[in-house]
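Below is one structure, written out as structure tokens; the observations come after it.
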Amino acid sequence: MPIHFNNAGAGLMPEAVTQAMTGYLAEEARGGAYEAEQRHADTLEHGVYETLGRALDAPADDIALFDSATRAWSSVVSHLPFTSGDRVWVTPYEYAGNLILWTELRRRFGLTIEVVPLVADGDLDLEWMSAHIGDDVAFVAVPHVPSGCGIVTPVEEIGKILAPWRCFYGIDACQSVGQLPVSVASIGCDLLTGAGRKFLRGPRGTGFAAIGPRLRAQVSLPFHDLHIADMVADDDYEVNTSSARRFEYAERGSAGVMGLDAAVRHHLARTDGGPGPLRDAVRAAIEELPGTRLVDPGSRHAAIVTFTHDRVSPERIRAELRARGVNVWIAQGSHTPLYMRTAGVEFAVRVSPHYYNSLADVETFADALRDVLR
Ligand SMILES: Cc1ncc(COP(=O)(O)O)c(C=O)c1O
């Protein structure tokens, strides 16, 4: 088994997750998919929303399931009632997929997209935010942890700055759920999205959102699928819930939902202190090697350590480490383009340990990296 330091890509699924999924698939194959769904309705219709709600500190009614984090984000954000002249704040750490959507919405509605400035060490400039917030700001988008480097943004403090104002507040928690405490209630956000497959250790093809009631009340969706709407006359339908499930479509991969539920329950049962100490050890091992440069802005860091080397390419480092039994990944500058362009990073090595890795794994990684960079 390789040492898996690519949890920011996809974490290793615990046994409980693979068992939940393979057991469910076997039930579908042997006894019928609709019949399996009926047998597991408690989990599929209720339990998974409750466990996710507990994990995110949000009411179960605010939870909706999707097939990716991008789908979760775009399914909500693309239906917000923007008007011409609205300002939208993003940060230099915004994910490229979200930026593509913001660019589209700018064109469609005539939005002004403003990028929150950074202070010298790469932290977000909260004073600038306090000084410039106004009721013409319609949405503030903040990634809790970006895709390409490990900075942790101060989402609770930003929530306090924004609370008196009319803007919606959206958190991309794709890289933080599962590795850092995430509380929708403490952040005070209207939207928080994530993926099952990363630090939560769930299956691929699963994503989720917590969508608060204030936001739900102001979104007019162009379509409601038949699990939450009924044709009440030949030419009329009624939506039968005000919950966040209004954003979902009825059909989905139930085995994936079972796996997601198992992953969240596994996460809720954890008693470890998180990957912080491993992250520090990885960072120290990289830093001591000549020619390395950490891409490491900000004062608080999560378990994503990104670096380049002055002689050996990131792709070569990844391949050589893989040959030595260590999985790392490439952070593409174009995925976090606003920050990475100013940092001059096109590609970098991204090392993302998790709590189930050990300090011995970090030593093996350090020896392998030393060997590769010799
Ligand atoms: C910060 C961040 N946001 C969003 C995404 C998109 O997630 P998905 O691929 O599930 O749409 C990623 C994926 O790596 C990410 O790192």
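In the structure tokens, chains take the letters A, B, ... in the order shown, each chain's residues start at 1, and ligands count up from 1 in the order shown.
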Could you give me, as a list in words, the residues within 12 Å of Asp125 of chain A, counting only C-alpha atoms and dropping anything in the same chain fewer than 6 positions from it?
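So, after excluding close chain neighbours, the residues are Thr91, Pro92, Val115, Val116, Pro117, Leu118, Val119, Ala131, His132, Thr153, Pro154, Glu157, Ile158, Ile161 and Gly298 of chain A.
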All residues within 10 Å of ligand 1 are required, counting only C-alpha atoms and all ligand atoms; please report them as a PDB file with N, CA, C and O atoms, in the first residue's frame.
ATOM      1  N   ALA A   8      -6.137  15.868  -0.363  1.00  0.00           N
ATOM      2  CA  ALA A   8      -6.788  17.033  -0.975  1.00  0.00           C
ATOM      3  C   ALA A   8      -7.359  16.672  -2.344  1.00  0.00           C
ATOM      4  O   ALA A   8      -8.210  17.380  -2.873  1.00  0.00           O
ATOM      5  N   GLY A   9      -6.872  15.572  -2.928  1.00  0.00           N
ATOM      6  CA  GLY A   9      -7.479  15.050  -4.165  1.00  0.00           C
ATOM      7  C   GLY A   9      -8.644  14.160  -3.781  1.00  0.00           C
ATOM      8  O   GLY A   9      -9.808  14.495  -4.013  1.00  0.00           O
ATOM      9  N   ALA A  10      -8.339  13.043  -3.176  1.00  0.00           N
ATOM     10  CA  ALA A  10      -9.369  12.132  -2.655  1.00  0.00           C
ATOM     11  C   ALA A  10      -8.749  11.336  -1.515  1.00  0.00           C
ATOM     12  O   ALA A  10      -7.678  10.736  -1.693  1.00  0.00           O
ATOM     13  N   PHE A  66     -25.571  16.548  -3.888  1.00  0.00           N
ATOM     14  CA  PHE A  66     -25.259  16.719  -5.309  1.00  0.00           C
ATOM     15  C   PHE A  66     -24.180  15.708  -5.686  1.00  0.00           C
ATOM     16  O   PHE A  66     -23.733  14.933  -4.840  1.00  0.00           O
ATOM     17  N   ASP A  67     -23.747  15.772  -6.946  1.00  0.00           N
ATOM     18  CA  ASP A  67     -22.717  14.812  -7.346  1.00  0.00           C
ATOM     19  C   ASP A  67     -21.311  15.401  -7.337  1.00  0.00           C
ATOM     20  O   ASP A  67     -20.351  14.709  -7.680  1.00  0.00           O
ATOM     21  N   SER A  68     -21.159  16.653  -6.977  1.00  0.00           N
ATOM     22  CA  SER A  68     -19.833  17.245  -6.816  1.00  0.00           C
ATOM     23  C   SER A  68     -19.979  18.543  -6.036  1.00  0.00           C
ATOM     24  O   SER A  68     -21.101  19.067  -5.887  1.00  0.00           O
ATOM     25  N   ALA A  69     -18.866  19.071  -5.589  1.00  0.00           N
ATOM     26  CA  ALA A  69     -18.905  20.362  -4.891  1.00  0.00           C
ATOM     27  C   ALA A  69     -19.243  21.481  -5.862  1.00  0.00           C
ATOM     28  O   ALA A  69     -19.970  22.420  -5.522  1.00  0.00           O
ATOM     29  N   THR A  70     -18.727  21.373  -7.081  1.00  0.00           N
ATOM     30  CA  THR A  70     -19.019  22.415  -8.081  1.00  0.00           C
ATOM     31  C   THR A  70     -20.505  22.429  -8.416  1.00  0.00           C
ATOM     32  O   THR A  70     -21.123  23.485  -8.568  1.00  0.00           O
ATOM     33  N   ARG A  71     -21.092  21.235  -8.536  1.00  0.00           N
ATOM     34  CA  ARG A  71     -22.535  21.161  -8.815  1.00  0.00           C
ATOM     35  C   ARG A  71     -23.316  21.798  -7.655  1.00  0.00           C
ATOM     36  O   ARG A  71     -24.294  22.511  -7.861  1.00  0.00           O
ATOM     37  N   ALA A  72     -22.877  21.514  -6.428  1.00  0.00           N
ATOM     38  CA  ALA A  72     -23.562  22.086  -5.269  1.00  0.00           C
ATOM     39  C   ALA A  72     -23.501  23.614  -5.327  1.00  0.00           C
ATOM     40  O   ALA A  72     -24.517  24.304  -5.199  1.00  0.00           O
ATOM     41  N   TRP A  73     -22.293  24.144  -5.551  1.00  0.00           N
ATOM     42  CA  TRP A  73     -22.095  25.602  -5.577  1.00  0.00           C
ATOM     43  C   TRP A  73     -22.889  26.229  -6.717  1.00  0.00           C
ATOM     44  O   TRP A  73     -23.642  27.189  -6.519  1.00  0.00           O
ATOM     45  N   SER A  74     -22.748  25.668  -7.925  1.00  0.00           N
ATOM     46  CA  SER A  74     -23.367  26.307  -9.088  1.00  0.00           C
ATOM     47  C   SER A  74     -24.891  26.138  -9.065  1.00  0.00           C
ATOM     48  O   SER A  74     -25.615  27.009  -9.549  1.00  0.00           O
ATOM     49  N   TYR A  93      -8.103  33.485  -3.455  1.00  0.00           N
ATOM     50  CA  TYR A  93      -7.998  32.029  -3.306  1.00  0.00           C
ATOM     51  C   TYR A  93      -9.186  31.293  -3.919  1.00  0.00           C
ATOM     52  O   TYR A  93      -9.329  30.079  -3.740  1.00  0.00           O
ATOM     53  N   GLU A  94     -10.052  32.017  -4.640  1.00  0.00           N
ATOM     54  CA  GLU A  94     -11.248  31.388  -5.215  1.00  0.00           C
ATOM     55  C   GLU A  94     -10.872  30.293  -6.221  1.00  0.00           C
ATOM     56  O   GLU A  94      -9.923  30.435  -7.001  1.00  0.00           O
ATOM     57  N   TYR A  95     -11.633  29.217  -6.186  1.00  0.00           N
ATOM     58  CA  TYR A  95     -11.424  28.070  -7.076  1.00  0.00           C
ATOM     59  C   TYR A  95     -11.838  28.452  -8.504  1.00  0.00           C
ATOM     60  O   TYR A  95     -12.831  29.148  -8.719  1.00  0.00           O
ATOM     61  N   ALA A  96     -11.079  27.959  -9.499  1.00  0.00           N
ATOM     62  CA  ALA A  96     -11.312  28.360 -10.888  1.00  0.00           C
ATOM     63  C   ALA A  96     -12.733  28.032 -11.356  1.00  0.00           C
ATOM     64  O   ALA A  96     -13.357  28.822 -12.077  1.00  0.00           O
ATOM     65  N   GLY A  97     -13.265  26.871 -10.934  1.00  0.00           N
ATOM     66  CA  GLY A  97     -14.627  26.514 -11.350  1.00  0.00           C
ATOM     67  C   GLY A  97     -15.625  27.572 -10.883  1.00  0.00           C
ATOM     68  O   GLY A  97     -16.534  27.965 -11.637  1.00  0.00           O
ATOM     69  N   ASN A  98     -15.440  28.042  -9.659  1.00  0.00           N
ATOM     70  CA  ASN A  98     -16.340  29.078  -9.144  1.00  0.00           C
ATOM     71  C   ASN A  98     -16.130  30.397  -9.890  1.00  0.00           C
ATOM     72  O   ASN A  98     -17.086  31.137 -10.165  1.00  0.00           O
ATOM     73  N   VAL A 142     -15.986  32.874  -0.104  1.00  0.00           N
ATOM     74  CA  VAL A 142     -14.693  32.618   0.546  1.00  0.00           C
ATOM     75  C   VAL A 142     -14.430  31.124   0.598  1.00  0.00           C
ATOM     76  O   VAL A 142     -15.261  30.366   1.107  1.00  0.00           O
ATOM     77  N   PRO A 143     -13.287  30.677   0.076  1.00  0.00           N
ATOM     78  CA  PRO A 143     -12.934  29.273   0.306  1.00  0.00           C
ATOM     79  C   PRO A 143     -12.336  29.127   1.701  1.00  0.00           C
ATOM     80  O   PRO A 143     -11.470  29.918   2.082  1.00  0.00           O
ATOM     81  N   HIS A 144     -12.802  28.150   2.465  1.00  0.00           N
ATOM     82  CA  HIS A 144     -12.272  27.945   3.821  1.00  0.00           C
ATOM     83  C   HIS A 144     -10.789  27.578   3.738  1.00  0.00           C
ATOM     84  O   HIS A 144      -9.962  28.071   4.511  1.00  0.00           O
ATOM     85  N   VAL A 145     -10.481  26.658   2.800  1.00  0.00           N
ATOM     86  CA  VAL A 145      -9.100  26.295   2.462  1.00  0.00           C
ATOM     87  C   VAL A 145      -9.075  26.179   0.935  1.00  0.00           C
ATOM     88  O   VAL A 145      -9.912  25.485   0.374  1.00  0.00           O
ATOM     89  N   PRO A 146      -8.147  26.871   0.267  1.00  0.00           N
ATOM     90  CA  PRO A 146      -8.154  26.765  -1.198  1.00  0.00           C
ATOM     91  C   PRO A 146      -7.600  25.442  -1.697  1.00  0.00           C
ATOM     92  O   PRO A 146      -7.064  24.641  -0.932  1.00  0.00           O
ATOM     93  N   SER A 147      -7.724  25.252  -2.995  1.00  0.00           N
ATOM     94  CA  SER A 147      -7.320  23.986  -3.601  1.00  0.00           C
ATOM     95  C   SER A 147      -5.798  23.835  -3.664  1.00  0.00           C
ATOM     96  O   SER A 147      -5.269  22.741  -3.492  1.00  0.00           O
ATOM     97  N   GLY A 148      -5.096  24.948  -3.883  1.00  0.00           N
ATOM     98  CA  GLY A 148      -3.683  24.829  -4.236  1.00  0.00           C
ATOM     99  C   GLY A 148      -2.695  25.097  -3.131  1.00  0.00           C
ATOM    100  O   GLY A 148      -1.489  24.919  -3.316  1.00  0.00           O
ATOM    101  N   CYS A 149      -3.144  25.559  -1.966  1.00  0.00           N
ATOM    102  CA  CYS A 149      -2.222  25.790  -0.851  1.00  0.00           C
ATOM    103  C   CYS A 149      -3.028  25.737   0.445  1.00  0.00           C
ATOM    104  O   CYS A 149      -4.249  25.707   0.418  1.00  0.00           O
ATOM    105  N   ILE A 171     -19.450  29.823   1.577  1.00  0.00           N
ATOM    106  CA  ILE A 171     -18.153  29.217   1.906  1.00  0.00           C
ATOM    107  C   ILE A 171     -17.955  27.975   1.043  1.00  0.00           C
ATOM    108  O   ILE A 171     -18.798  27.071   1.040  1.00  0.00           O
ATOM    109  N   ASP A 172     -16.826  27.927   0.359  1.00  0.00           N
ATOM    110  CA  ASP A 172     -16.403  26.708  -0.332  1.00  0.00           C
ATOM    111  C   ASP A 172     -15.558  25.920   0.675  1.00  0.00           C
ATOM    112  O   ASP A 172     -14.405  26.259   0.933  1.00  0.00           O
ATOM    113  N   ALA A 173     -16.181  24.887   1.242  1.00  0.00           N
ATOM    114  CA  ALA A 173     -15.507  24.118   2.310  1.00  0.00           C
ATOM    115  C   ALA A 173     -15.002  22.767   1.791  1.00  0.00           C
ATOM    116  O   ALA A 173     -14.779  21.838   2.568  1.00  0.00           O
ATOM    117  N   CYS A 174     -14.805  22.712   0.475  1.00  0.00           N
ATOM    118  CA  CYS A 174     -14.389  21.468  -0.168  1.00  0.00           C
ATOM    119  C   CYS A 174     -13.141  20.855   0.487  1.00  0.00           C
ATOM    120  O   CYS A 174     -13.055  19.647   0.672  1.00  0.00           O
ATOM    121  N   GLN A 175     -12.173  21.726   0.818  1.00  0.00           N
ATOM    122  CA  GLN A 175     -10.905  21.217   1.359  1.00  0.00           C
ATOM    123  C   GLN A 175     -10.845  21.271   2.876  1.00  0.00           C
ATOM    124  O   GLN A 175      -9.838  20.882   3.462  1.00  0.00           O
ATOM    125  N   SER A 176     -11.885  21.765   3.525  1.00  0.00           N
ATOM    126  CA  SER A 176     -11.800  21.860   4.991  1.00  0.00           C
ATOM    127  C   SER A 176     -12.665  20.820   5.703  1.00  0.00           C
ATOM    128  O   SER A 176     -12.271  20.306   6.756  1.00  0.00           O
ATOM    129  N   THR A 193     -20.523  24.644   0.830  1.00  0.00           N
ATOM    130  CA  THR A 193     -20.506  23.479  -0.069  1.00  0.00           C
ATOM    131  C   THR A 193     -19.259  22.641   0.155  1.00  0.00           C
ATOM    132  O   THR A 193     -18.230  23.140   0.629  1.00  0.00           O
ATOM    133  N   GLY A 194     -19.344  21.368  -0.215  1.00  0.00           N
ATOM    134  CA  GLY A 194     -18.190  20.477  -0.070  1.00  0.00           C
ATOM    135  C   GLY A 194     -18.343  19.233  -0.919  1.00  0.00           C
ATOM    136  O   GLY A 194     -19.389  19.005  -1.540  1.00  0.00           O
ATOM    137  N   ALA A 195     -17.273  18.445  -0.934  1.00  0.00           N
ATOM    138  CA  ALA A 195     -17.255  17.177  -1.677  1.00  0.00           C
ATOM    139  C   ALA A 195     -17.057  16.050  -0.686  1.00  0.00           C
ATOM    140  O   ALA A 195     -16.351  16.215   0.320  1.00  0.00           O
ATOM    141  N   GLY A 196     -17.647  14.881  -0.997  1.00  0.00           N
ATOM    142  CA  GLY A 196     -17.498  13.745  -0.090  1.00  0.00           C
ATOM    143  C   GLY A 196     -16.112  13.120  -0.139  1.00  0.00           C
ATOM    144  O   GLY A 196     -15.650  12.523   0.829  1.00  0.00           O
ATOM    145  N   ARG A 197     -15.440  13.255  -1.271  1.00  0.00           N
ATOM    146  CA  ARG A 197     -14.291  12.379  -1.531  1.00  0.00           C
ATOM    147  C   ARG A 197     -12.971  12.813  -0.909  1.00  0.00           C
ATOM    148  O   ARG A 197     -12.002  12.068  -0.964  1.00  0.00           O
ATOM    149  N   LYS A 198     -12.886  14.019  -0.361  1.00  0.00           N
ATOM    150  CA  LYS A 198     -11.570  14.533   0.051  1.00  0.00           C
ATOM    151  C   LYS A 198     -11.294  14.167   1.515  1.00  0.00           C
ATOM    152  O   LYS A 198     -11.205  13.010   1.850  1.00  0.00           O
ATOM    153  N   ARG A 204     -16.257   9.113  -4.479  1.00  0.00           N
ATOM    154  CA  ARG A 204     -16.289  10.072  -5.578  1.00  0.00           C
ATOM    155  C   ARG A 204     -17.746  10.276  -6.007  1.00  0.00           C
ATOM    156  O   ARG A 204     -18.624   9.474  -5.693  1.00  0.00           O
ATOM    157  N   GLY A 205     -17.972  11.371  -6.725  1.00  0.00           N
ATOM    158  CA  GLY A 205     -19.319  11.612  -7.253  1.00  0.00           C
ATOM    159  C   GLY A 205     -20.330  11.991  -6.184  1.00  0.00           C
ATOM    160  O   GLY A 205     -21.526  11.806  -6.370  1.00  0.00           O
ATOM    161  N   THR A 206     -19.833  12.492  -5.043  1.00  0.00           N
ATOM    162  CA  THR A 206     -20.768  12.989  -4.018  1.00  0.00           C
ATOM    163  C   THR A 206     -20.366  14.411  -3.617  1.00  0.00           C
ATOM    164  O   THR A 206     -19.184  14.704  -3.458  1.00  0.00           O
ATOM    165  N   GLY A 207     -21.347  15.250  -3.493  1.00  0.00           N
ATOM    166  CA  GLY A 207     -21.135  16.626  -3.037  1.00  0.00           C
ATOM    167  C   GLY A 207     -22.336  17.041  -2.218  1.00  0.00           C
ATOM    168  O   GLY A 207     -23.377  16.363  -2.232  1.00  0.00           O
ATOM    169  N   PHE A 208     -22.199  18.136  -1.500  1.00  0.00           N
ATOM    170  CA  PHE A 208     -23.311  18.550  -0.630  1.00  0.00           C
ATOM    171  C   PHE A 208     -23.271  20.054  -0.410  1.00  0.00           C
ATOM    172  O   PHE A 208     -22.255  20.706  -0.649  1.00  0.00           O
ATOM    173  N   ALA A 331      -0.510  20.631  -7.759  1.00  0.00           N
ATOM    174  CA  ALA A 331      -1.417  21.782  -7.670  1.00  0.00           C
ATOM    175  C   ALA A 331      -1.215  22.588  -8.943  1.00  0.00           C
ATOM    176  O   ALA A 331      -0.094  23.018  -9.227  1.00  0.00           O
ATOM    177  N   HIS A 335      -5.908  26.390 -11.318  1.00  0.00           N
ATOM    178  CA  HIS A 335      -7.087  26.039 -10.519  1.00  0.00           C
ATOM    179  C   HIS A 335      -7.357  27.057  -9.400  1.00  0.00           C
ATOM    180  O   HIS A 335      -8.451  27.098  -8.839  1.00  0.00           O
ATOM    181  N   THR A 336      -6.318  27.787  -9.031  1.00  0.00           N
ATOM    182  CA  THR A 336      -6.495  28.894  -8.071  1.00  0.00           C
ATOM    183  C   THR A 336      -5.829  30.107  -8.724  1.00  0.00           C
ATOM    184  O   THR A 336      -4.839  30.633  -8.238  1.00  0.00           O
TER     185      THR A 336
END
Of A:Gly11, A:Gly53, A:Gly202, A:Gly31, the one sitting nearest Ser352 of chain A when using only C-alpha atoms is A:Gly11
Point-to-point distance in Å for atom CA of Trp165 of chain A and atom CA of Val137 of chain A:
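That distance, rounded to one decimal, is 8.4 Å.
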Could you give me the residues within segment 53-222 of chain A that DSSP places in strand (DSSP E or B), as a VMD selection string?
chain A and resid 63 to 66 87 to 90 112 to 115 118 124 137 to 143 151 168 to 172 177 180 191 to 195 207 to 211
Keeping N, CA and C atoms for every residue in the selection just given, could you write it to a file as a JSON list (two decimals), in the first residue's frame?
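Result went into selection02.json, see below:
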[["chain", "number", "residue", "atom", "x", "y", "z"],
["A", 63, "ILE", "N", -29.75, 20.87, 4.27],
["A", 63, "ILE", "CA", -28.78, 20.06, 3.53],
["A", 63, "ILE", "C", -29.38, 19.58, 2.21],
["A", 64, "ALA", "N", -28.59, 19.70, 1.15],
["A", 64, "ALA", "CA", -28.95, 19.10, -0.15],
["A", 64, "ALA", "C", -27.75, 18.33, -0.66],
["A", 65, "LEU", "N", -28.03, 17.26, -1.40],
["A", 65, "LEU", "CA", -26.96, 16.41, -1.94],
["A", 65, "LEU", "C", -26.82, 16.61, -3.45],
["A", 66, "PHE", "N", -25.57, 16.55, -3.89],
["A", 66, "PHE", "CA", -25.26, 16.72, -5.31],
["A", 66, "PHE", "C", -24.18, 15.71, -5.69],
["A", 87, "ARG", "N", -22.44, 44.26, -6.35],
["A", 87, "ARG", "CA", -21.02, 43.90, -6.21],
["A", 87, "ARG", "C", -20.92, 42.49, -5.60],
["A", 88, "VAL", "N", -19.96, 41.74, -6.10],
["A", 88, "VAL", "CA", -19.68, 40.41, -5.55],
["A", 88, "VAL", "C", -18.22, 40.40, -5.14],
["A", 89, "TRP", "N", -17.97, 39.93, -3.93],
["A", 89, "TRP", "CA", -16.58, 39.81, -3.47],
["A", 89, "TRP", "C", -16.12, 38.37, -3.59],
["A", 90, "VAL", "N", -14.97, 38.20, -4.20],
["A", 90, "VAL", "CA", -14.27, 36.92, -4.16],
["A", 90, "VAL", "C", -12.91, 37.20, -3.54],
["A", 112, "THR", "N", -20.39, 43.58, -10.63],
["A", 112, "THR", "CA", -19.01, 44.00, -10.47],
["A", 112, "THR", "C", -18.33, 42.98, -9.56],
["A", 113, "ILE", "N", -17.32, 42.32, -10.06],
["A", 113, "ILE", "CA", -16.61, 41.33, -9.23],
["A", 113, "ILE", "C", -15.38, 42.02, -8.64],
["A", 114, "GLU", "N", -15.30, 42.05, -7.32],
["A", 114, "GLU", "CA", -14.16, 42.67, -6.66],
["A", 114, "GLU", "C", -13.36, 41.60, -5.91],
["A", 115, "VAL", "N", -12.05, 41.72, -5.98],
["A", 115, "VAL", "CA", -11.18, 40.75, -5.32],
["A", 115, "VAL", "C", -10.69, 41.34, -4.00],
["A", 118, "LEU", "N", -5.11, 41.18, -0.08],
["A", 118, "LEU", "CA", -4.39, 40.45, 0.96],
["A", 118, "LEU", "C", -3.47, 41.41, 1.70],
["A", 124, "LEU", "N", -6.22, 37.40, 4.31],
["A", 124, "LEU", "CA", -7.20, 38.34, 3.75],
["A", 124, "LEU", "C", -7.20, 39.63, 4.56],
["A", 137, "VAL", "N", -23.15, 45.18, -1.87],
["A", 137, "VAL", "CA", -22.46, 43.89, -1.98],
["A", 137, "VAL", "C", -23.53, 42.80, -1.84],
["A", 138, "ALA", "N", -23.66, 42.00, -2.90],
["A", 138, "ALA", "CA", -24.75, 41.01, -2.92],
["A", 138, "ALA", "C", -24.28, 39.63, -2.47],
["A", 139, "PHE", "N", -23.00, 39.34, -2.65],
["A", 139, "PHE", "CA", -22.50, 38.00, -2.29],
["A", 139, "PHE", "C", -21.02, 38.10, -1.96],
["A", 140, "VAL", "N", -20.63, 37.37, -0.94],
["A", 140, "VAL", "CA", -19.20, 37.28, -0.58],
["A", 140, "VAL", "C", -18.85, 35.79, -0.60],
["A", 141, "ALA", "N", -17.88, 35.45, -1.44],
["A", 141, "ALA", "CA", -17.48, 34.03, -1.62],
["A", 141, "ALA", "C", -16.09, 33.82, -1.04],
["A", 142, "VAL", "N", -15.99, 32.87, -0.10],
["A", 142, "VAL", "CA", -14.69, 32.62, 0.55],
["A", 142, "VAL", "C", -14.43, 31.12, 0.60],
["A", 143, "PRO", "N", -13.29, 30.68, 0.08],
["A", 143, "PRO", "CA", -12.93, 29.27, 0.31],
["A", 143, "PRO", "C", -12.34, 29.13, 1.70],
["A", 151, "ILE", "N", -3.60, 27.68, 3.18],
["A", 151, "ILE", "CA", -4.08, 28.77, 4.06],
["A", 151, "ILE", "C", -5.51, 28.48, 4.55],
["A", 168, "PHE", "N", -25.37, 37.82, 0.78],
["A", 168, "PHE", "CA", -25.26, 36.40, 1.09],
["A", 168, "PHE", "C", -23.78, 36.08, 1.27],
["A", 169, "TYR", "N", -23.54, 35.08, 2.14],
["A", 169, "TYR", "CA", -22.16, 34.71, 2.45],
["A", 169, "TYR", "C", -22.00, 33.23, 2.13],
["A", 170, "GLY", "N", -21.10, 32.92, 1.18],
["A", 170, "GLY", "CA", -20.93, 31.53, 0.74],
["A", 170, "GLY", "C", -19.53, 31.01, 1.01],
["A", 171, "ILE", "N", -19.45, 29.82, 1.58],
["A", 171, "ILE", "CA", -18.15, 29.22, 1.91],
["A", 171, "ILE", "C", -17.95, 27.97, 1.04],
["A", 172, "ASP", "N", -16.83, 27.93, 0.36],
["A", 172, "ASP", "CA", -16.40, 26.71, -0.33],
["A", 172, "ASP", "C", -15.56, 25.92, 0.67],
["A", 177, "VAL", "N", -13.81, 20.46, 5.12],
["A", 177, "VAL", "CA", -14.68, 19.49, 5.80],
["A", 177, "VAL", "C", -13.92, 18.18, 5.94],
["A", 180, "LEU", "N", -10.85, 20.10, 9.36],
["A", 180, "LEU", "CA", -10.95, 21.20, 10.32],
["A", 180, "LEU", "C", -12.38, 21.22, 10.86],
["A", 191, "LEU", "N", -24.53, 29.78, 2.70],
["A", 191, "LEU", "CA", -24.26, 28.64, 1.82],
["A", 191, "LEU", "C", -22.89, 28.07, 2.19],
["A", 192, "LEU", "N", -22.81, 26.76, 2.29],
["A", 192, "LEU", "CA", -21.52, 26.09, 2.49],
["A", 192, "LEU", "C", -21.55, 24.81, 1.66],
["A", 193, "THR", "N", -20.52, 24.64, 0.83],
["A", 193, "THR", "CA", -20.51, 23.48, -0.07],
["A", 193, "THR", "C", -19.26, 22.64, 0.16],
["A", 194, "GLY", "N", -19.34, 21.37, -0.22],
["A", 194, "GLY", "CA", -18.19, 20.48, -0.07],
["A", 194, "GLY", "C", -18.34, 19.23, -0.92],
["A", 195, "ALA", "N", -17.27, 18.44, -0.93],
["A", 195, "ALA", "CA", -17.26, 17.18, -1.68],
["A", 195, "ALA", "C", -17.06, 16.05, -0.69],
["A", 207, "GLY", "N", -21.35, 15.25, -3.49],
["A", 207, "GLY", "CA", -21.14, 16.63, -3.04],
["A", 207, "GLY", "C", -22.34, 17.04, -2.22],
["A", 208, "PHE", "N", -22.20, 18.14, -1.50],
["A", 208, "PHE", "CA", -23.31, 18.55, -0.63],
["A", 208, "PHE", "C", -23.27, 20.05, -0.41],
["A", 209, "ALA", "N", -24.40, 20.57, 0.03],
["A", 209, "ALA", "CA", -24.48, 21.98, 0.40],
["A", 209, "ALA", "C", -25.34, 22.14, 1.63],
["A", 210, "ALA", "N", -24.97, 23.10, 2.46],
["A", 210, "ALA", "CA", -25.89, 23.60, 3.50],
["A", 210, "ALA", "C", -26.39, 24.94, 2.97],
["A", 211, "ILE", "N", -27.69, 25.04, 2.79],
["A", 211, "ILE", "CA", -28.28, 26.24, 2.17],
["A", 211, "ILE", "C", -29.28, 26.82, 3.17]]
Would you mind listing what lies within 6 Å of segment 247-260 of chain A as a list in words, with only C-alpha atoms counted and same-chain residues fewer than 4 positions away left out?
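Using only C-alpha atoms, the neighbours found are Val17, Ala20, Met21, Tyr24, Gly202, Asp225 and His227 of chain A.
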